[in-house]
Structures are given as structure tokens and as C-alpha cells.
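Undergrad: You'll find protein.cif just under this line, and it carries mmCIF, C-alpha atoms.
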data_query
loop_
_atom_site.group_PDB
_atom_site.id
_atom_site.type_symbol
_atom_site.label_atom_id
_atom_site.label_comp_id
_atom_site.auth_asym_id
_atom_site.auth_seq_id
_atom_site.Cartn_x
_atom_site.Cartn_y
_atom_site.Cartn_z
ATOM 1 C CA MET A 1 0.000 0.000 0.000
ATOM 2 C CA ARG A 2 1.268 3.400 -0.913
ATOM 3 C CA PHE A 3 0.913 6.116 1.581
ATOM 4 C CA GLY A 4 0.539 9.749 0.591
ATOM 5 C CA VAL A 5 -1.866 11.907 -1.265
ATOM 6 C CA PRO A 6 -3.736 10.444 -4.193
ATOM 7 C CA PRO A 7 -2.642 11.806 -7.569
ATOM 8 C CA GLY A 8 -5.804 13.872 -8.091
ATOM 9 C CA ARG A 9 -5.495 15.412 -4.693
ATOM 10 C CA GLN A 10 -1.798 16.031 -5.263
ATOM 11 C CA VAL A 11 -2.721 18.375 -8.089
ATOM 12 C CA ARG A 12 -5.343 20.097 -5.978
ATOM 13 C CA VAL A 13 -3.015 20.415 -3.018
ATOM 14 C CA ALA A 14 -0.232 21.728 -5.231
ATOM 15 C CA ALA A 15 -2.613 24.236 -6.724
ATOM 16 C CA GLY A 16 -3.766 25.230 -3.270
ATOM 17 C CA LEU A 17 -0.219 25.671 -2.098
ATOM 18 C CA SER A 18 0.564 27.770 -5.155
ATOM 19 C CA LEU A 19 -2.458 29.974 -4.529
ATOM 20 C CA ALA A 20 -1.562 30.273 -0.879
ATOM 21 C CA ALA A 21 1.980 31.237 -1.785
ATOM 22 C CA ALA A 22 0.661 33.742 -4.284
ATOM 23 C CA GLY A 23 -1.628 35.121 -1.615
ATOM 24 C CA VAL A 24 1.291 35.511 0.730
ATOM 25 C CA LEU A 25 3.256 37.279 -1.994
ATOM 26 C CA VAL A 26 0.353 39.597 -2.808
ATOM 27 C CA ALA A 27 -0.204 40.326 0.852
ATOM 28 C CA GLY A 28 3.492 40.939 1.263
ATOM 29 C CA ALA A 29 3.519 43.214 -1.740
ATOM 30 C CA PHE A 30 0.511 45.103 -0.346
ATOM 31 C CA VAL A 31 2.182 45.485 3.020
ATOM 32 C CA ASN A 32 5.433 46.559 1.388
ATOM 33 C CA SER A 33 3.573 49.000 -0.888
ATOM 34 C CA ARG A 34 1.743 50.497 2.061
ATOM 35 C CA ALA A 35 4.988 50.735 3.985
ATOM 36 C CA VAL A 36 6.635 52.488 1.042
ATOM 37 C CA ARG A 37 3.738 54.909 0.827
ATOM 38 C CA GLU A 38 3.876 55.572 4.545
ATOM 39 C CA VAL A 39 7.593 56.256 4.313
ATOM 40 C CA ALA A 40 7.338 58.241 1.069
ATOM 41 C CA ALA A 41 4.347 60.399 2.067
ATOM 42 C CA PRO A 42 6.266 62.558 4.559
ATOM 43 C CA GLN A 43 9.095 62.902 2.044
ATOM 44 C CA VAL A 44 6.660 64.038 -0.667
ATOM 45 C CA GLU A 45 5.070 66.462 1.783
ATOM 46 C CA ARG A 46 8.481 67.818 2.777
ATOM 47 C CA SER A 47 9.400 68.223 -0.898
ATOM 48 C CA ARG A 48 6.168 70.103 -1.533
ATOM 49 C CA GLU A 49 6.792 72.336 1.459
ATOM 50 C CA LEU A 50 10.352 72.992 0.300
ATOM 51 C CA ARG A 51 9.092 73.939 -3.164
ATOM 52 C CA GLU A 52 6.569 76.318 -1.604
ATOM 53 C CA VAL A 53 9.322 77.876 0.504
ATOM 54 C CA GLU A 54 11.527 78.255 -2.579
ATOM 55 C CA VAL A 55 8.680 79.887 -4.528
ATOM 56 C CA ALA A 56 7.947 82.198 -1.594
ATOM 57 C CA ASP A 57 11.633 83.130 -1.357
ATOM 58 C CA LEU A 58 11.747 83.885 -5.084
ATOM 59 C CA SER A 59 8.566 85.954 -4.838
ATOM 60 C CA ARG A 60 9.937 87.982 -1.933
ATOM 61 C CA GLY A 61 13.173 88.520 -3.827
ATOM 62 C CA ASP A 62 11.377 89.707 -6.965
ATOM 63 C CA ALA A 63 9.086 91.981 -4.952
ATOM 64 C CA ALA A 64 12.061 93.411 -3.057
ATOM 65 C CA ARG A 65 13.933 94.180 -6.264
ATOM 66 C CA TRP A 66 10.863 95.899 -7.721
ATOM 67 C CA VAL A 67 10.431 98.050 -4.617
ATOM 68 C CA GLY A 68 14.137 98.872 -4.554
ATOM 69 C CA ALA A 69 14.053 100.050 -8.159
ATOM 70 C CA GLN A 70 10.672 101.784 -8.222
ATOM 71 C CA VAL A 71 9.559 103.028 -4.805
ATOM 72 C CA ARG A 72 10.716 106.066 -2.875
ATOM 73 C CA GLY A 73 9.255 106.531 0.591
ATOM 74 C CA ILE A 74 8.460 104.587 3.750
ATOM 75 C CA VAL A 75 7.771 100.902 3.101
ATOM 76 C CA GLY A 76 5.733 98.770 5.495
ATOM 77 C CA CYS A 77 6.766 95.112 5.566
ATOM 78 C CA ASP A 78 6.771 91.998 7.738
ATOM 79 C CA PRO A 79 10.230 91.246 9.233
ATOM 80 C CA PRO A 80 11.312 88.633 6.624
ATOM 81 C CA MET A 81 10.235 90.954 3.814
ATOM 82 C CA CYS A 82 12.026 93.887 5.452
ATOM 83 C CA ALA A 83 15.206 91.798 5.545
ATOM 84 C CA GLU A 84 14.747 90.979 1.859
ATOM 85 C CA LEU A 85 14.231 94.655 1.028
ATOM 86 C CA ALA A 86 17.352 95.682 2.924
ATOM 87 C CA GLY A 87 19.260 92.994 1.046
ATOM 88 C CA ALA A 88 17.965 94.450 -2.224
ATOM 89 C CA GLY A 89 19.466 97.821 -1.379
ATOM 90 C CA VAL A 90 16.478 99.586 0.169
ATOM 91 C CA ASP A 91 17.603 102.004 2.881
ATOM 92 C CA PRO A 92 16.778 100.303 6.218
ATOM 93 C CA GLY A 93 15.816 103.722 7.552
ATOM 94 C CA THR A 94 12.858 103.757 5.156
ATOM 95 C CA LEU A 95 11.514 100.379 6.313
ATOM 96 C CA LEU A 96 8.618 100.118 8.759
ATOM 97 C CA PRO A 97 8.540 96.596 10.256
ATOM 98 C CA LEU A 98 5.033 95.257 10.848
ATOM 99 C CA ARG A 99 5.122 92.757 13.698
ATOM 100 C CA SER A 100 1.538 92.863 14.934
ATOM 101 C CA ALA A 101 -1.878 94.258 14.075
ATOM 102 C CA ASP A 102 -1.170 97.099 16.519
ATOM 103 C CA ASP A 103 1.499 98.576 14.234
ATOM 104 C CA GLU A 104 0.443 101.725 12.378
ATOM 105 C CA ILE A 105 0.335 100.993 8.655
ATOM 106 C CA ILE A 106 -0.689 104.586 7.926
ATOM 107 C CA ASN A 107 2.847 105.711 8.783
ATOM 108 C CA ALA A 108 4.040 104.038 5.570
ATOM 109 C CA ASP A 109 3.732 105.264 1.988
ATOM 110 C CA VAL A 110 3.400 101.753 0.592
ATOM 111 C CA VAL A 111 3.022 98.300 2.113
ATOM 112 C CA VAL A 112 4.372 95.042 0.760
ATOM 113 C CA VAL A 113 1.333 92.866 1.390
ATOM 114 C CA THR A 114 2.556 89.316 1.903
ATOM 115 C CA PRO A 115 0.371 86.425 3.114
ATOM 116 C CA ALA A 116 1.807 87.091 6.588
ATOM 117 C CA VAL A 117 0.679 90.729 6.492
ATOM 118 C CA ARG A 118 -2.779 89.677 5.287
ATOM 119 C CA ALA A 119 -3.055 87.179 8.124
ATOM 120 C CA MET A 120 -1.866 89.799 10.608
ATOM 121 C CA PHE A 121 -4.251 92.617 9.646
ATOM 122 C CA GLY A 122 -7.091 90.828 7.856
ATOM 123 C CA ALA A 123 -9.933 93.151 6.869
ATOM 124 C CA GLY A 124 -8.110 95.979 8.631
ATOM 125 C CA LEU A 125 -6.105 96.501 5.434
ATOM 126 C CA ASP A 126 -9.122 97.490 3.352
ATOM 127 C CA PRO A 127 -9.775 100.967 4.831
ATOM 128 C CA VAL A 128 -6.152 102.114 4.532
ATOM 129 C CA LEU A 129 -4.855 100.665 1.247
ATOM 130 C CA ALA A 130 -5.663 101.930 -2.228
ATOM 131 C CA PRO A 131 -7.561 99.275 -4.194
ATOM 132 C CA GLY A 132 -5.155 99.141 -7.150
ATOM 133 C CA ALA A 133 -1.880 97.242 -6.712
ATOM 134 C CA LEU A 134 1.282 99.026 -7.788
ATOM 135 C CA ALA A 135 2.887 95.639 -8.415
ATOM 136 C CA ARG A 136 2.004 91.990 -7.934
ATOM 137 C CA VAL A 137 4.422 89.076 -7.626
ATOM 138 C CA ALA A 138 2.670 85.740 -7.069
ATOM 139 C CA GLU A 139 0.803 86.190 -3.754
ATOM 140 C CA ILE A 140 2.620 89.413 -2.861
ATOM 141 C CA GLU A 141 1.218 92.854 -3.669
ATOM 142 C CA VAL A 142 2.749 96.296 -3.313
ATOM 143 C CA ARG A 143 -0.068 98.620 -2.286
ATOM 144 C CA ARG A 144 -0.317 102.335 -1.699
ATOM 145 C CA VAL A 145 -1.274 103.553 1.775
ATOM 146 C CA THR A 146 -4.112 106.083 1.995
ATOM 147 C CA PRO A 147 -3.887 107.840 5.385
ATOM 148 C CA GLU A 148 -6.878 109.985 4.452
ATOM 149 C CA GLY A 149 -8.994 106.884 3.863
ATOM 150 C CA VAL A 150 -9.988 105.009 0.735
ATOM 151 C CA ARG A 151 -13.061 107.147 -0.022
ATOM 152 C CA ARG A 152 -11.155 110.409 0.161
ATOM 153 C CA PHE A 153 -8.358 108.912 -1.925
ATOM 154 C CA ALA A 154 -10.870 107.773 -4.567
ATOM 155 C CA ARG A 155 -12.200 111.334 -4.871
ATOM 156 C CA ASP A 156 -8.676 112.759 -5.075
ATOM 157 C CA LEU A 157 -7.719 110.178 -7.693
ATOM 158 C CA GLU A 158 -10.786 111.019 -9.773
ATOM 159 C CA ARG A 159 -9.906 114.722 -9.740
ATOM 160 C CA ASP A 160 -6.293 113.906 -10.546
ATOM 161 C CA ALA A 161 -7.365 111.740 -13.503
ATOM 162 C CA ALA A 162 -9.465 114.624 -14.835
ATOM 163 C CA ASP A 163 -6.457 116.957 -14.511
ATOM 164 C CA ARG A 164 -4.280 114.395 -16.297
ATOM 165 C CA ARG A 165 -6.772 114.066 -19.150
ATOM 166 C CA ARG A 166 -6.852 117.832 -19.596
ATOM 167 C CA ALA A 167 -3.057 118.164 -19.468
ATOM 168 C CA GLY A 168 -2.550 115.173 -21.761
ATOM 169 C CA ARG A 169 -4.853 116.610 -24.398
ATOM 170 C CA GLU A 170 -3.109 119.962 -24.161
ATOM 171 C CA LEU A 171 0.203 118.199 -24.769
ATOM 172 C CA LEU A 172 -1.211 116.487 -27.842
ATOM 173 C CA GLY A 173 -1.922 119.945 -29.238
ATOM 174 C CA HIS A 174 1.632 121.134 -28.563
ATOM 175 C CA PRO A 175 3.426 121.984 -31.837
ATOM 176 C CA ARG A 176 6.710 120.466 -30.623
ATOM 177 C CA LEU A 177 5.366 117.144 -29.375
ATOM 178 C CA ALA A 178 4.176 114.123 -31.339
ATOM 179 C CA ALA A 179 3.403 110.638 -30.066
ATOM 180 C CA ALA A 180 2.885 107.086 -31.285
ATOM 181 C CA PRO A 181 -0.752 105.908 -31.514
ATOM 182 C CA ASP A 182 -0.781 104.045 -28.174
ATOM 183 C CA ALA A 183 0.943 106.928 -26.420
ATOM 184 C CA THR A 184 -1.536 109.360 -27.979
ATOM 185 C CA ARG A 185 -4.454 107.340 -26.646
ATOM 186 C CA GLN A 186 -2.904 107.146 -23.173
ATOM 187 C CA LEU A 187 -2.316 110.896 -23.063
ATOM 188 C CA ALA A 188 -5.884 111.628 -24.120
ATOM 189 C CA ALA A 189 -7.282 109.152 -21.587
ATOM 190 C CA GLY A 190 -5.405 110.686 -18.656
ATOM 191 C CA GLU A 191 -3.388 107.530 -18.001
ATOM 192 C CA VAL A 192 -0.013 109.279 -17.698
ATOM 193 C CA ASP A 193 1.563 110.343 -14.400
ATOM 194 C CA ALA A 194 1.180 114.068 -13.714
ATOM 195 C CA ARG A 195 4.927 114.488 -13.109
ATOM 196 C CA LEU A 196 5.664 113.103 -16.573
ATOM 197 C CA LEU A 197 3.129 115.440 -18.135
ATOM 198 C CA SER A 198 4.759 118.432 -16.451
ATOM 199 C CA ALA A 199 8.240 117.297 -17.490
ATOM 200 C CA LEU A 200 7.226 116.721 -21.109
ATOM 201 C CA ALA A 201 5.545 120.118 -21.329
ATOM 202 C CA ALA A 202 8.670 121.816 -19.975
ATOM 203 C CA ILE A 203 11.060 119.914 -22.264
ATOM 204 C CA ALA A 204 8.839 120.508 -25.303
ATOM 205 C CA ALA A 205 9.134 124.248 -24.696
ATOM 206 C CA THR A 206 12.670 124.090 -26.112
ATOM 207 C CA HIS A 207 12.868 120.740 -27.959
ATOM 208 C CA ARG A 208 10.857 118.847 -30.554
ATOM 209 C CA LEU A 209 9.986 115.442 -29.103
ATOM 210 C CA TYR A 210 8.586 112.184 -30.378
ATOM 211 C CA VAL A 211 7.128 109.997 -27.641
ATOM 212 C CA ARG A 212 7.531 106.357 -28.548
ATOM 213 C CA ALA A 213 5.815 104.815 -25.524
ATOM 214 C CA PHE A 214 4.749 105.193 -21.920
ATOM 215 C CA GLY A 215 5.411 102.446 -19.406
ATOM 216 C CA ASP A 216 5.532 101.262 -15.812
ATOM 217 C CA ALA A 217 1.823 100.823 -15.377
ATOM 218 C CA GLY A 218 0.498 99.375 -12.153
ATOM 219 C CA ALA A 219 -0.667 95.802 -11.750
ATOM 220 C CA ASP A 220 -4.281 97.012 -11.802
ATOM 221 C CA PRO A 221 -6.143 99.602 -13.918
ATOM 222 C CA GLY A 222 -6.143 103.186 -12.718
ATOM 223 C CA VAL A 223 -2.484 103.316 -11.668
ATOM 224 C CA PRO A 224 -0.764 106.012 -13.787
ATOM 225 C CA LEU A 225 2.040 105.280 -16.245
ATOM 226 C CA ARG A 226 5.278 106.522 -14.690
ATOM 227 C CA SER A 227 7.857 106.332 -17.478
ATOM 228 C CA VAL A 228 8.273 107.619 -21.005
ATOM 229 C CA GLU A 229 10.480 106.617 -23.923
ATOM 230 C CA ILE A 230 11.441 109.455 -26.263
ATOM 231 C CA SER A 231 12.842 108.233 -29.575
ATOM 232 C CA SER A 232 13.524 111.578 -31.248
ATOM 233 C CA ILE A 233 14.780 114.939 -29.976
ATOM 234 C CA ASP A 234 14.838 117.795 -32.477
ATOM 235 C CA GLY A 235 14.626 115.284 -35.321
ATOM 236 C CA HIS A 236 17.586 113.188 -34.146
ATOM 237 C CA LYS A 237 17.917 110.060 -32.075
ATOM 238 C CA PRO A 238 18.760 110.860 -28.449
ATOM 239 C CA SER A 239 22.455 111.122 -27.627
ATOM 240 C CA LYS A 240 24.535 112.172 -24.642
ATOM 241 C CA THR A 241 24.979 115.590 -26.197
ATOM 242 C CA LYS A 242 21.282 115.999 -26.908
ATOM 243 C CA ILE A 243 20.100 114.975 -23.457
ATOM 244 C CA SER A 244 22.696 116.794 -21.336
ATOM 245 C CA GLY A 245 20.553 119.913 -21.035
ATOM 246 C CA ILE A 246 17.444 117.836 -20.303
ATOM 247 C CA ILE A 247 19.279 115.992 -17.531
ATOM 248 C CA ARG A 248 20.432 119.279 -15.969
ATOM 249 C CA PHE A 249 16.888 120.607 -16.084
ATOM 250 C CA LEU A 250 15.379 117.504 -14.468
ATOM 251 C CA ASP A 251 18.140 117.291 -11.853
ATOM 252 C CA ALA A 252 17.292 120.830 -10.775
ATOM 253 C CA GLN A 253 13.676 119.941 -9.960
ATOM 254 C CA GLN A 254 12.325 119.673 -6.437
ATOM 255 C CA SER A 255 12.300 116.165 -4.988
ATOM 256 C CA ARG A 256 8.610 115.732 -5.787
ATOM 257 C CA PHE A 257 9.301 116.253 -9.489
ATOM 258 C CA HIS A 258 12.746 114.659 -9.553
ATOM 259 C CA PRO A 259 12.782 111.465 -11.659
ATOM 260 C CA ILE A 260 14.432 108.304 -10.380
ATOM 261 C CA GLU A 261 15.879 107.548 -13.819
ATOM 262 C CA VAL A 262 16.965 109.607 -16.805
ATOM 263 C CA LYS A 263 19.115 107.619 -19.202
ATOM 264 C CA LEU A 264 19.734 106.452 -22.732
ATOM 265 C CA ALA A 265 18.563 102.918 -23.424
ATOM 266 C CA GLN A 266 18.159 100.469 -26.278
ATOM 267 C CA PRO A 267 14.909 98.502 -25.861
ATOM 268 C CA SER A 268 14.822 95.199 -27.722
ATOM 269 C CA ASP A 269 11.841 96.355 -29.780
ATOM 270 C CA ALA A 270 13.266 99.785 -30.638
ATOM 271 C CA ALA A 271 15.122 100.586 -33.846
ATOM 272 C CA SER A 272 17.559 102.917 -32.105
ATOM 273 C CA THR A 273 18.503 104.515 -28.809
ATOM 274 C CA ILE A 274 15.771 106.161 -26.755
ATOM 275 C CA LEU A 275 15.710 108.521 -23.791
ATOM 276 C CA ARG A 276 13.896 106.999 -20.823
ATOM 277 C CA ILE A 277 12.533 109.144 -18.009
ATOM 278 C CA ARG A 278 11.004 107.334 -15.034
ATOM 279 C CA TYR A 279 9.334 108.592 -11.867
ATOM 280 C CA SER A 280 8.920 106.749 -8.591
ATOM 281 C CA ALA A 281 5.893 104.923 -7.259
ATOM 282 C CA PRO A 282 3.393 105.759 -5.985
ATOM 283 C CA SER A 283 2.256 108.631 -8.192
ATOM 284 C CA PRO A 284 1.167 111.695 -6.191
ATOM 285 C CA THR A 285 -2.286 113.151 -6.678
ATOM 286 C CA GLY A 286 -3.036 116.838 -7.065
ATOM 287 C CA SER A 287 0.282 117.727 -8.733
ATOM 288 C CA LEU A 288 -1.407 119.542 -11.607
ATOM 289 C CA SER A 289 -3.881 121.502 -9.512
ATOM 290 C CA SER A 290 -1.518 122.659 -6.759
#
Reformat the file's structure so that it appears as C-alpha cells.

TA:
Amino acid sequence: MRFGVPPGRQVRVAAGLSLAAAGVLVAGAFVNSRAVREVAAPQVERSRELREVEVADLSRGDAARWVGAQVRGIVGCDPPMCAELAGAGVDPGTLLPLRSADDEIINADVVVVTPAVRAMFGAGLDPVLAPGALARVAEIEVRRVTPEGVRRFARDLERDAADRRRAGRELLGHPRLAAAPDATRQLAAGEVDARLLSALAAIAATHRLYVRAFGDAGADPGVPLRSVEISSIDGHKPSKTKISGIIRFLDAQQSRFHPIEVKLAQPSDAASTILRIRYSAPSPTGSLSS
């Protein structure tokens, strides 16, 4: 007599053992997969957080460089942003650190509104900041402070826009000034900074000018254009000789009307050298009626 498992059952047992082994392997794979996920999940989360930190750092850096190049005045900022601004060359004496909701934003001219500042002040920002952003970098905005309140500022801005429309249209009728189509439209619509309008009127009193373009608009509508590109002076492309008198004139202006940049440049889309004149942000109101 042979002992053991009958042949038919041997097949069934073998099959059962194979299935059991497969089940063990699948279960093991499932356990291993879950273990991998449990180990990998924190790493993925840390990677995501690191990427967010890197993006935030880049955004702060870009915002700081914009403020350093464009803004003149007191800048409100949370401590990390203040450090970034100082690193970008902004005078530390012009920085107003915002550490709590008790700090007085109205003592600043502009505020760099980071997520931290939004969380700190919440709806308290709305009554003291102009609605239009001067600049926007990712989640960061550079906003103008309105110590007189948003409603009063809105009325002042409306009057200023009317003054700018009037002055812009007067410039378009000046015999010594011509402008490209877009620049013509912007002058007529009152979109150009009042300081630029005054400067162009004064320069056109002694020079024939062709305005190629206006620039440095805000991130939102309603923020005046603060720079101009002049591509022809007295029928010639701008040169050091041609602009020397213009530079002396602009350098002699009071600080309110003193540009932050007067230089020759070669934009990538320009056929030749241009003269660029740029004023700081934010644009003052009432310059043409005072």
C-alpha cells in the first residue's frame, strides 16, 4: 500500500499551495507598498513644502527688487520681507517693520502685502490701502497707503485723472510734441503720471519730441504710467549731447518732481537709442492743480 496523497489530490493540493503562496506574496507586496507609501508620504510632503518655501523666497526677492528700483518713501513690511528689502538695497531707515496688528500701517507710503501681512491685519487693510496694486508678484502685492482713507483717496484720484486728461490733451496739441498711436491714446485718456506730463511740457518748450511709448503701469487699472520713452529729440535720435541739457533741467527739480531715472537705453523692440525718463511709485495726486 502506498501512503501519501492520491494523484488527483496532489494536483489540488499543489494548486492550493501555489495559490496560498501567491496570496502571501500579494499580501506581502501590499504590506510593502503600504509601507513604502507611509515612508514616502512625509518625504513628498516635505518636498512640496520645500518647493513652496523656494517659490515664496523667489517671490519675496522679486518683490524686493521691484520696490528697490521703483519706490521712494516709507515701506511697510513683515520682518522677513524687510530683511529681503534691505538685502535688495532699500535704505533700512525707510523700512517700517510690521510685527503685529497694533502697528500703524498709515505711517508708511506703501506696504508690501505678503500672506503674513494679510493674516496679521485681515480686513483691517481694506480701509487704509488703495484698491489698485502698484505691483504683484505671485501672492505678494505692493499697495499704496491712503492715510486719508480710501473714499477720500478715490475722490482725489478722480480729480487727478481729470487733470491728467486735460493736461494730456493739451500736450497732444503742442506743436513740438508728437506721439505714437498708443501713447496718444494714453495721453488723451489721462493715463499718464502728472509728473511726466509736467516734465514733457517743460522739455517741449525748447525741444521737438517724439514719444515712442509710456510704461511702468500698475498691476491694476487706474495706476498712472510713470515712465516715457522718447525716440527723437529735435529730429535726431537721443544722444549724450542731446540729453545733457534735459538731464540738468530735471536734476534741478524739487524732490517731488525729480525722476528716479533719466538715461539712454536700447529697448529690444526699438530701432535705435531712446531717452527713458522714469518717476517713482506711488504717483502723487493733485500735482497739476496745486

Undergrad: For a test of reading the model, state the distance in Å between atom CA of Glu104 of chain A and atom CA of Val117 of chain A, rounded to one decimal.

TA: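 Atom CA of Glu104 of chain A sits 12.5 Å away from atom CA of Val117 of chain A.
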
Undergrad: Between A:Ser59, A:Arg164, A:Ala204, A:Gly68, which residue has the minimum interatomic distance to Pro115 of chain A, considering all atoms listed in the file?

TA: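 The shortest atom-to-atom distance to Pro115 of chain A comes from A:Ser59.
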
Undergrad: With a distance cut-off of 9 Å and all atoms listed in the file, select the neighbouring residues of segment 128-133 of chain A, excluding the residue or stretch itself and same-chain residues fewer than 2 positions from it, and output the selection as number ranges by chain.

TA: A: 105-106, 110-111, 124-126, 135-136, 141-150, 153-154, 218-223

Undergrad: Would you translate the PyMOL selection byres ((chain A and resi 205) around 12) into the concrete set of residues it matches in this file, as a list in words?

TA: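 Output from the PyMOL selection byres ((chain A and resi 205) around 12), applied to this file: Leu171, His174, Pro175, Arg176, Leu177, Ser198, Ala199, Leu200, Ala201, Ala202, Ile203, Ala204, Thr206, His207, Arg208, Leu209, Asp234 and Ile246 of chain A.
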
Undergrad: Print the selection's residues with C-alpha atoms to a file, as a PDB file, keeping the file's coordinate frame.

TA:
ATOM      1  CA  LEU A 171       0.203 118.199 -24.769  1.00  0.00           C
ATOM      2  CA  HIS A 174       1.632 121.134 -28.563  1.00  0.00           C
ATOM      3  CA  PRO A 175       3.426 121.984 -31.837  1.00  0.00           C
ATOM      4  CA  ARG A 176       6.710 120.466 -30.623  1.00  0.00           C
ATOM      5  CA  LEU A 177       5.366 117.144 -29.375  1.00  0.00           C
ATOM      6  CA  SER A 198       4.759 118.432 -16.451  1.00  0.00           C
ATOM      7  CA  ALA A 199       8.240 117.297 -17.490  1.00  0.00           C
ATOM      8  CA  LEU A 200       7.226 116.721 -21.109  1.00  0.00           C
ATOM      9  CA  ALA A 201       5.545 120.118 -21.329  1.00  0.00           C
ATOM     10  CA  ALA A 202       8.670 121.816 -19.975  1.00  0.00           C
ATOM     11  CA  ILE A 203      11.060 119.914 -22.264  1.00  0.00           C
ATOM     12  CA  ALA A 204       8.839 120.508 -25.303  1.00  0.00           C
ATOM     13  CA  THR A 206      12.670 124.090 -26.112  1.00  0.00           C
ATOM     14  CA  HIS A 207      12.868 120.740 -27.959  1.00  0.00           C
ATOM     15  CA  ARG A 208      10.857 118.847 -30.554  1.00  0.00           C
ATOM     16  CA  LEU A 209       9.986 115.442 -29.103  1.00  0.00           C
ATOM     17  CA  ASP A 234      14.838 117.795 -32.477  1.00  0.00           C
ATOM     18  CA  ILE A 246      17.444 117.836 -20.303  1.00  0.00           C
TER      19      ILE A 246
END

Undergrad: One decimal, Å: what's the distance from atom CA of Ala83 of chain A over to atom CA of Arg99 of chain A, could you say?

TA: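 One can read the atom CA of Ala83 of chain A to atom CA of Arg99 of chain A distance as 13.0 Å.
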
Undergrad: Can you work out the spacing between atom CA of Ile274 of chain A and atom CA of Leu250 of chain A in Å, to one decimal?

TA: 16.7 Å

Undergrad: Which residue gives the smallest distance to Ile243 of chain A among A:Arg276, A:Phe214, A:Ala119, A:His258, with only C-alpha atoms counted?

TA: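 Once distances to Ile243 of chain A are computed over only C-alpha atoms, the minimum belongs to A:Arg276.
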
Undergrad: My list of candidates is A:Pro282, A:Pro224, A:Gly215, A:Gly87. Which is closest to Ala189 of chain A when distances are computed with only C-alpha atoms?

TA: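 Using only C-alpha atoms, Ala189 of chain A sits closest to A:Pro224.
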
Undergrad: Could you tell me, as a list in words, exactly which residues end up selected when the PyMOL selection byres ((chain A and resi 76) around 8) is applied to this structure?

TA: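 When the PyMOL selection byres ((chain A and resi 76) around 8) is applied, the selected residues are Ile74, Val75, Cys77, Asp78, Cys82, Leu95, Leu96, Pro97, Leu98, Ile105, Ala108, Asp109, Val110, Val111 and Val112 of chain A.
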
Undergrad: Using all atoms listed in the file for the distances, tell me which of A:Leu196, A:Tyr279, A:Met120, A:Leu157 is nearest to Asp102 of chain A.

TA: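 Among A:Leu196, A:Tyr279, A:Met120, A:Leu157, it is A:Met120 that comes nearest to Asp102 of chain A.
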
Undergrad: Please write the residues picked by the PyMOL selection byres ((chain A and resi 193) around 8) on this file as a list in words.

TA: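 Expected selection for the PyMOL selection byres ((chain A and resi 193) around 8) here is Arg164, Glu191, Val192, Ala194, Arg195, Leu196, Leu197, Pro224, Leu225, Arg226 and Ser283 of chain A.
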
Undergrad: Considering all atoms listed in the file, state which residue in the set A:Val137, A:Leu58, A:Val211, A:Ala217 is at the smallest distance from Leu275 of chain A.

TA: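 Of all the options, A:Val211 lies closest to Leu275 of chain A.
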